[in-house]
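Trainee: Below: one structure in C-alpha cells.
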Number of protein chains: 2
Amino acid sequence: MATIRDVARHAGVAISTVSLALNGTGPVSAETRARILEAVAAVNYSPNLMAQNLKRGQSKLIGLVLGDLGNPFFGRLLRTVDRKISQADHMLIVADTDSDPDREIRTLNQLKRQRVAGIIMAPLRNDKEFVAYLNAMDIPVVLIDQDVEGARLDFVSSDHQLAAGMLTDYLLRLGHGRRIAYLGGIPGFWTAQQRLIGFRAAMARAGLDVDPELEVVADYSAEKAYDQVSRLMSRPVRPTAFLAANNFMAIGALQAVNDLGFRCPEDVSIAGIDGVPWGSVIKPRITTAEQPIEELAGLAASWMLEHVQGEVMAGAANRRHIALPRLVIGQSCAPPAASHPR
Amino acid sequence: MATIRDVARHAGVAISTVSLALNGTGPVSAETRARILEAVAAVNYSPNLMAQNLKRGQSKLIGLVLGDLGNPFFGRLLRTVDRKISQADHMLIVADTDSDPDREIRTLNQLKRQRVAGIIMAPLRNDKEFVAYLNAMDIPVVLIDQDVEGARLDFVSSDHQLAAGMLTDYLLRLGHGRRIAYLGGIPGFWTAQQRLIGFRAAMARAGLDVDPELEVVADYSAEKAYDQVSRLMSRPVRPTAFLAANNFMAIGALQAVNDLGFRCPEDVSIAGIDGVPWGSVIKPRITTAEQPIEELAGLAASWMLEHVQGEVMAGAANRRHIALPRLVIGQSCAPPAASHPR
C-alpha cells in the first residue's frame, strides 16, 4: 500500500510538504499542490484514516447497537441509518447484542475502545447503573426505540403506549371485552413496559379490569407466543382476541391458532404492534399499529451527525422526538363469535 | 478518558514500563505487572485501540458489504457473521450498497481507508475490471453468495444452478411444461445468471425449449415481479406456473395472483428460491429451495478470522465451498388445472 513517503518521492517534495498540502494545515503553492495531487493518483495513495483519526482523537466510525437484527424492524432501521450516515462519509460499526444486557455492555466498551465518534443504540437495560454508565460516556449517544429514564441523551421513539392503546380500543369497539389476552414483551424492556401500560390504560378507560390469567409474557418471541396461545386456547373459557406486543408474537399467535384448527378472525381475533414484512400475503392480513421506522431512523442519524460534526453546543439540552404510530386495519379482527360463552 | 500517563502515575512507574507490560513487548517483573494491572482498573483505563492498530497497520475491524440488508437472507447472514466475529473480539463495519455497483466500489475504498483487517462481501459486479481491483487488494477478502469469476479469493455459496434446477424439475414432475414462466434476477448478477442456467438446463433435460416470452426479468424485486406476473396472467394463453429466482419475487407473484382473483395453486403454481420469513403463515406456504444461510455465513466468518489471525499461509490456494440447497415443499404448487388449454 502506498505511503505518504511514496507520494513525496514521486512529487519530488518533502514529506512535510505533502502533509501540509493534504491536510490544508500550511501554505503550499498551487503548482506544488497540483504536483502532489498528481502523485497521489499516480502511486494510488489513500490517506491513512487511522492515523488521521488518531490525531483527532476520534474516528469517522459510528456504532449502531441493536438487540435483534433478525427482527425486520431493526433491519429496516439499520438500512435507513446506514444510508444517511454513509452519505456523510461516515461508516457504521454494527453490533447485534442478541437481546443480552451483558453483551450490550461488552459491546459498548468495545466501541469506546475503537474510539467511535458516537453511538446510536436501542438499549436493553433501563436501570440506575446503566443510567450512570451512559451519563459518564464522553462521546455522543442517541437512543432509539427504547428509552433509559434519567439518561441525559437524545431520544427518538414512537409512542408505544398509544400503539397498544389504539389496538386495544379497536378490539373493544369490535365487542371484545375482558377476554382480550395480552402477549407481553421481555420484562424490564422499556418498550414492553410502555406497551403494557397502554393496554391496561385502555382497558381501565373502558371500565374493565384485566384478567391476570390473560396477561402473559412471551418475550417478543414467536415461539413463546405460540406456546402461550396454544395453552390459552386449550382452556375451557378461551380468549376472544389476542393483542401481541410485537410482530413476531402476532405471527406466532396466528400460527398457533391455525395449527389448533381455529379460524382467525371467525373464532379468535389477532392484532399486533409493528408491521410484518409481506403482511399483505399473510392470510388474514394482521391488524397492526405500525411505527414510522424511516422517520425514527432518519432523525436519529441526523442528530448523531449533528453531534459528530460539532453542530450541537456543549451543554445543550437533550432532544426528544416521539412519533405517532399508525393503525393499519387488516382482516385479522372481527366481533367475537356469538357461540362464545359470555 | 484515562490515558496511559494516568496508569503510570497511579502505579508509580514509567510510561514505558506500562507500555512494555500491556503490550508484552519487554520484561517486566510479576510484581510490577500486577501493580500496573491494578492501576489500569483503578483509573479505568481502556487502551486506545486506534493507536495500537496504527502500530500494527490494521484494525480489529472487518468490513461486511452486502447488497440489500432489507432482504431477510442478508439480515440473517449479517447476524451469523456478527456473532462469530464478535466472539473473536473483532467488530463489523457493515455497509449496504443498495445493489448499486458504484456505491460498492466507493464502499470498498472507504473500508480500505479505514484499514479494516479484511472484508467479507456479496459482490454485485462480475467484470474484468472488478476482478483486477479485487486481486490487487492487499487485505484478505472472502466472497459470499455471489462469485467473481477469476478473482483469487475464498468463496462460499450455495449451488444456485441446483436450486433453480430442483424447483424446475419439481414443477415438471407435477405436469407443468413449456408454460412455466421464469422470473429472473438482476442481469449481470452472478446468482441471477447461475439460477437462469439451472432453469434452462432442467427444461433442456426435459426436452422442452424455453418460451422466450415467459423468461422475464424482475430484478429480484417484489414490485417488478408483481408487474410481470400481472402482465403475463392477462395474456390469452397464461403461464401455468411461476418460478421466481428469489423470495421477494415469489411474494410479489403471489400477491399479483391473489389480487387478480386467481387461486394458488389451483389456477397457477408458484415456487421460489430462498426461504421467506414466516413462510409458515403465508397462505399457501410457498415451495422453495432454501439456502443454508448459517452454514454459509459461519464458514465465511471462520475463513476471514483465519486470515486475520495469520493462520492462512501466504500463497495458499483460495478455498471454495458450495453448499447444497434444500427443497422445501409447500402448498403453492399443484398439477396444472385441467381447464388450461394445452
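Residue names in the C-alpha cells use chain letters A, B, ... in the order shown, residue numbers from 1 in each chain, and ligand numbers from 1 in the order shown.
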Give me, as a Markdown table, the closest atom pair and its distance (Å, one decimal) for every residue of chain A within a cut-off of 9 Å of chain B, counting only C-alpha atoms, rows sorted by chain and rising number.
Mentor:
```
| residue | atom | partner | partner_atom | distance |
| --- | --- | --- | --- | --- |
| A:Met1 | CA | B:Asp138 | CA | 7.2 |
| A:Ser46 | CA | B:Arg113 | CA | 6.2 |
| A:Pro47 | CA | B:Arg113 | CA | 6.6 |
| A:Asn48 | CA | B:Arg113 | CA | 5.8 |
| A:Leu49 | CA | B:Arg113 | CA | 5.5 |
| A:Met50 | CA | B:Gln114 | CA | 6.1 |
| A:Ala51 | CA | B:Leu54 | CA | 6.4 |
| A:Asn53 | CA | B:Met50 | CA | 7.9 |
| A:Leu54 | CA | B:Met50 | CA | 6.3 |
| A:Gly57 | CA | B:Met50 | CA | 8.7 |
| A:Gln58 | CA | B:Met50 | CA | 8.6 |
| A:Ser59 | CA | B:Met50 | CA | 8.5 |
| A:Lys60 | CA | B:Gln114 | CA | 8.6 |
| A:Leu61 | CA | B:Ile93 | CA | 8.4 |
| A:Gly63 | CA | B:Ile93 | CA | 8.8 |
| A:Asp68 | CA | B:Arg79 | CA | 8.4 |
| A:Leu69 | CA | B:Arg79 | CA | 6.4 |
| A:Gly70 | CA | B:Arg76 | CA | 6.0 |
| A:Asn71 | CA | B:Gly75 | CA | 8.6 |
| A:Pro72 | CA | B:Pro72 | CA | 7.5 |
| A:Gly75 | CA | B:Gly70 | CA | 6.2 |
| A:Arg76 | CA | B:Gly70 | CA | 6.0 |
| A:Leu78 | CA | B:Leu69 | CA | 8.1 |
| A:Arg79 | CA | B:Leu69 | CA | 6.4 |
| A:Asp82 | CA | B:Ala95 | CA | 6.8 |
| A:Arg83 | CA | B:Asp96 | CA | 7.6 |
| A:Ser86 | CA | B:Ala95 | CA | 8.2 |
| A:Asp89 | CA | B:Gln110 | CA | 8.3 |
| A:His90 | CA | B:Gln110 | CA | 8.9 |
| A:Met91 | CA | B:Ile93 | CA | 6.9 |
| A:Leu92 | CA | B:Ile93 | CA | 5.5 |
| A:Ile93 | CA | B:Ile93 | CA | 4.2 |
| A:Val94 | CA | B:Leu92 | CA | 6.0 |
| A:Ala95 | CA | B:Asp82 | CA | 6.8 |
| A:Asp96 | CA | B:Arg79 | CA | 6.9 |
| A:Thr97 | CA | B:Arg83 | CA | 8.7 |
| A:Asp98 | CA | B:Arg83 | CA | 8.7 |
| A:Thr107 | CA | B:Ser86 | CA | 8.7 |
| A:Asn109 | CA | B:Ser46 | CA | 8.5 |
| A:Gln110 | CA | B:Met91 | CA | 8.3 |
| A:Leu111 | CA | B:Met91 | CA | 8.5 |
| A:Lys112 | CA | B:Ser46 | CA | 8.2 |
| A:Arg113 | CA | B:Leu49 | CA | 5.5 |
| A:Gln114 | CA | B:Leu49 | CA | 5.5 |
| A:Arg115 | CA | B:Met50 | CA | 6.9 |
| A:Asp138 | CA | B:Met1 | CA | 7.5 |
| A:Phe248 | CA | B:Trp278 | CA | 8.8 |
| A:Ile251 | CA | B:Trp278 | CA | 7.2 |
| A:Gly252 | CA | B:Val281 | CA | 8.8 |
| A:Leu254 | CA | B:Val281 | CA | 7.3 |
| A:Gln255 | CA | B:Val281 | CA | 6.1 |
| A:Asn258 | CA | B:Val281 | CA | 8.4 |
| A:Pro277 | CA | B:Pro277 | CA | 8.5 |
| A:Trp278 | CA | B:Ile251 | CA | 7.2 |
| A:Gly279 | CA | B:Ile282 | CA | 8.7 |
| A:Ser280 | CA | B:Gln255 | CA | 7.4 |
| A:Val281 | CA | B:Ile282 | CA | 6.0 |
| A:Ile282 | CA | B:Ile282 | CA | 4.4 |
| A:Lys283 | CA | B:Lys283 | CA | 5.8 |
| A:Pro284 | CA | B:Lys283 | CA | 8.7 |
```
Trainee: List the spatial neighbours of Pro336 of chain B as an NGL selection string - criterion: any atom at most 7 Å away, only C-alpha atoms, same-chain residues fewer than 5 positions off excluded.
Mentor: :B and (175-176 or 240 or 268)
Trainee: What's around segment 123-132 of chain A at 7 Å? Count only C-alpha atoms, leave out sequence neighbours fewer than 5 positions away in its own chain, and write the answer as a PyMOL selection string.
Mentor: chain A and resi 99+101+146+148-151+189-190
Trainee: Extract the full set of strand (DSSP E or B) residues from segment 14-243 of chain A according to DSSP on the backbone, and format it as a short mmCIF file (atom, residue, chain, number, x, y, z; two decimals) with N, CA and C atoms, in the first residue's frame.
Mentor:
```
data_model
loop_
_atom_site.label_atom_id
_atom_site.label_comp_id
_atom_site.auth_asym_id
_atom_site.auth_seq_id
_atom_site.Cartn_x
_atom_site.Cartn_y
_atom_site.Cartn_z
N LEU A 61 -16.11 6.60 12.43
CA LEU A 61 -16.99 5.46 12.64
C LEU A 61 -18.07 5.77 13.67
N ILE A 62 -19.24 5.26 13.41
CA ILE A 62 -20.35 5.42 14.36
C ILE A 62 -20.88 4.04 14.70
N GLY A 63 -21.05 3.79 15.98
CA GLY A 63 -21.56 2.48 16.40
C GLY A 63 -23.07 2.44 16.32
N LEU A 64 -23.60 1.31 15.89
CA LEU A 64 -25.06 1.10 15.92
C LEU A 64 -25.30 -0.20 16.67
N VAL A 65 -25.94 -0.10 17.82
CA VAL A 65 -26.11 -1.26 18.70
C VAL A 65 -27.58 -1.61 18.77
N LEU A 66 -27.93 -2.79 18.27
CA LEU A 66 -29.33 -3.20 18.23
C LEU A 66 -29.49 -4.56 18.89
N MET A 91 -19.00 5.73 8.53
CA MET A 91 -19.37 4.32 8.38
C MET A 91 -19.89 3.80 9.72
N LEU A 92 -20.65 2.71 9.61
CA LEU A 92 -21.30 2.14 10.78
C LEU A 92 -20.60 0.87 11.25
N ILE A 93 -20.27 0.83 12.54
CA ILE A 93 -19.93 -0.46 13.15
C ILE A 93 -21.23 -0.98 13.74
N VAL A 94 -21.68 -2.13 13.27
CA VAL A 94 -22.97 -2.64 13.70
C VAL A 94 -22.76 -3.80 14.66
N ALA A 95 -23.49 -3.80 15.75
CA ALA A 95 -23.40 -4.92 16.67
C ALA A 95 -24.79 -5.34 17.09
N ASP A 96 -25.02 -6.63 17.05
CA ASP A 96 -26.28 -7.24 17.47
C ASP A 96 -26.03 -7.85 18.84
N GLY A 118 -19.43 8.28 17.83
CA GLY A 118 -20.71 8.33 18.53
C GLY A 118 -21.40 6.99 18.44
N ILE A 119 -22.47 6.83 19.21
CA ILE A 119 -23.19 5.56 19.24
C ILE A 119 -24.69 5.81 19.15
N ILE A 120 -25.34 5.14 18.23
CA ILE A 120 -26.80 5.11 18.17
C ILE A 120 -27.22 3.75 18.70
N MET A 121 -28.13 3.71 19.64
CA MET A 121 -28.48 2.39 20.17
C MET A 121 -29.94 2.29 20.60
N VAL A 141 -24.25 9.95 22.36
CA VAL A 141 -25.07 8.75 22.23
C VAL A 141 -26.49 9.21 21.91
N VAL A 142 -27.11 8.58 20.92
CA VAL A 142 -28.52 8.83 20.62
C VAL A 142 -29.28 7.53 20.85
N LEU A 143 -30.31 7.60 21.68
CA LEU A 143 -31.12 6.41 21.94
C LEU A 143 -32.26 6.35 20.93
N ILE A 144 -32.58 5.13 20.49
CA ILE A 144 -33.69 4.98 19.56
C ILE A 144 -34.58 3.84 20.05
N ASP A 154 -30.14 12.34 23.71
CA ASP A 154 -31.18 12.47 22.70
C ASP A 154 -31.94 11.15 22.60
N PHE A 155 -33.24 11.25 22.33
CA PHE A 155 -34.05 10.04 22.29
C PHE A 155 -35.12 10.16 21.21
N VAL A 156 -35.23 9.12 20.40
CA VAL A 156 -36.18 9.08 19.29
C VAL A 156 -36.98 7.79 19.40
N SER A 157 -38.29 7.89 19.38
CA SER A 157 -39.10 6.69 19.54
C SER A 157 -40.49 6.96 19.00
N SER A 158 -41.30 5.91 18.91
CA SER A 158 -42.71 6.19 18.66
C SER A 158 -43.46 6.00 19.98
N ILE A 180 -59.86 -10.23 26.18
CA ILE A 180 -58.71 -9.93 25.33
C ILE A 180 -57.47 -10.42 26.07
N ALA A 181 -56.68 -11.28 25.43
CA ALA A 181 -55.43 -11.74 26.05
C ALA A 181 -54.29 -10.88 25.55
N TYR A 182 -53.37 -10.53 26.46
CA TYR A 182 -52.25 -9.67 26.10
C TYR A 182 -50.95 -10.47 26.12
N LEU A 183 -50.24 -10.48 24.99
CA LEU A 183 -48.95 -11.16 24.89
C LEU A 183 -47.85 -10.13 25.06
N GLY A 184 -47.20 -10.14 26.21
CA GLY A 184 -46.26 -9.09 26.55
C GLY A 184 -44.82 -9.38 26.15
N GLU A 215 -53.00 -11.98 30.96
CA GLU A 215 -51.91 -11.03 30.70
C GLU A 215 -50.62 -11.84 30.84
N VAL A 216 -50.09 -12.30 29.73
CA VAL A 216 -48.96 -13.23 29.79
C VAL A 216 -47.71 -12.62 29.17
N VAL A 217 -46.59 -13.26 29.42
CA VAL A 217 -45.31 -12.80 28.88
C VAL A 217 -44.86 -13.77 27.81
N ALA A 241 -59.75 -12.67 21.77
CA ALA A 241 -58.80 -11.91 20.94
C ALA A 241 -57.43 -11.93 21.60
N PHE A 242 -56.39 -11.83 20.76
CA PHE A 242 -55.01 -11.69 21.26
C PHE A 242 -54.45 -10.36 20.79
N LEU A 243 -53.84 -9.65 21.73
CA LEU A 243 -53.11 -8.45 21.37
C LEU A 243 -51.63 -8.74 21.64
#
```
Trainee: Could you pull out the residues in segment 32-265 of chain B that DSSP calls alpha helix (DSSP H) from the backbone, as a PyMOL selection string?
Mentor: chain B and resi 32-42+49-56+72-87+101-113+128-135+160-173+190-205+222-233+247-259
Trainee: Enter the distance from atom CA of Glu306 of chain A to atom CA of Ile105 of chain A, in Å, rounded to one decimal.
Mentor: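 Result for atom CA of Glu306 of chain A versus atom CA of Ile105 of chain A: 24.9 Å, one decimal.
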Trainee: Please provide the set of residues having any atom within 10 Å of Leu162 of chain A, restricted to only C-alpha atoms, with same-chain residues fewer than 6 positions apart removed, written as a compact mmCIF listing (two decimals) with C-alpha atoms, in the first residue's frame.
Mentor:
```txt
# COMPACT_ATOMS: atom_id res chain seq x y z
CA THR A 168 -56.98 -2.31 22.48
CA GLN A 194 -44.84 1.13 27.89
CA ARG A 195 -46.95 -1.16 25.72
CA ILE A 197 -49.23 0.40 30.34
CA GLY A 198 -51.05 1.35 27.13
CA PHE A 199 -53.07 -1.89 27.15
CA ALA A 201 -54.95 2.10 30.49
CA ALA A 202 -57.28 1.37 27.56
CA ALA A 289 -50.01 -0.37 14.88
CA LEU A 324 -47.14 8.65 16.17
CA PRO A 325 -47.83 5.02 15.32
CA ARG A 326 -50.37 4.33 12.59
```
Trainee: From the list B:Ala244, B:Val229, B:Ala300, B:Val210, which residue is nearest Asp259 of chain B when using only C-alpha atoms?
Mentor: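 Smallest separation from Asp259 of chain B among the options: B:Val229.
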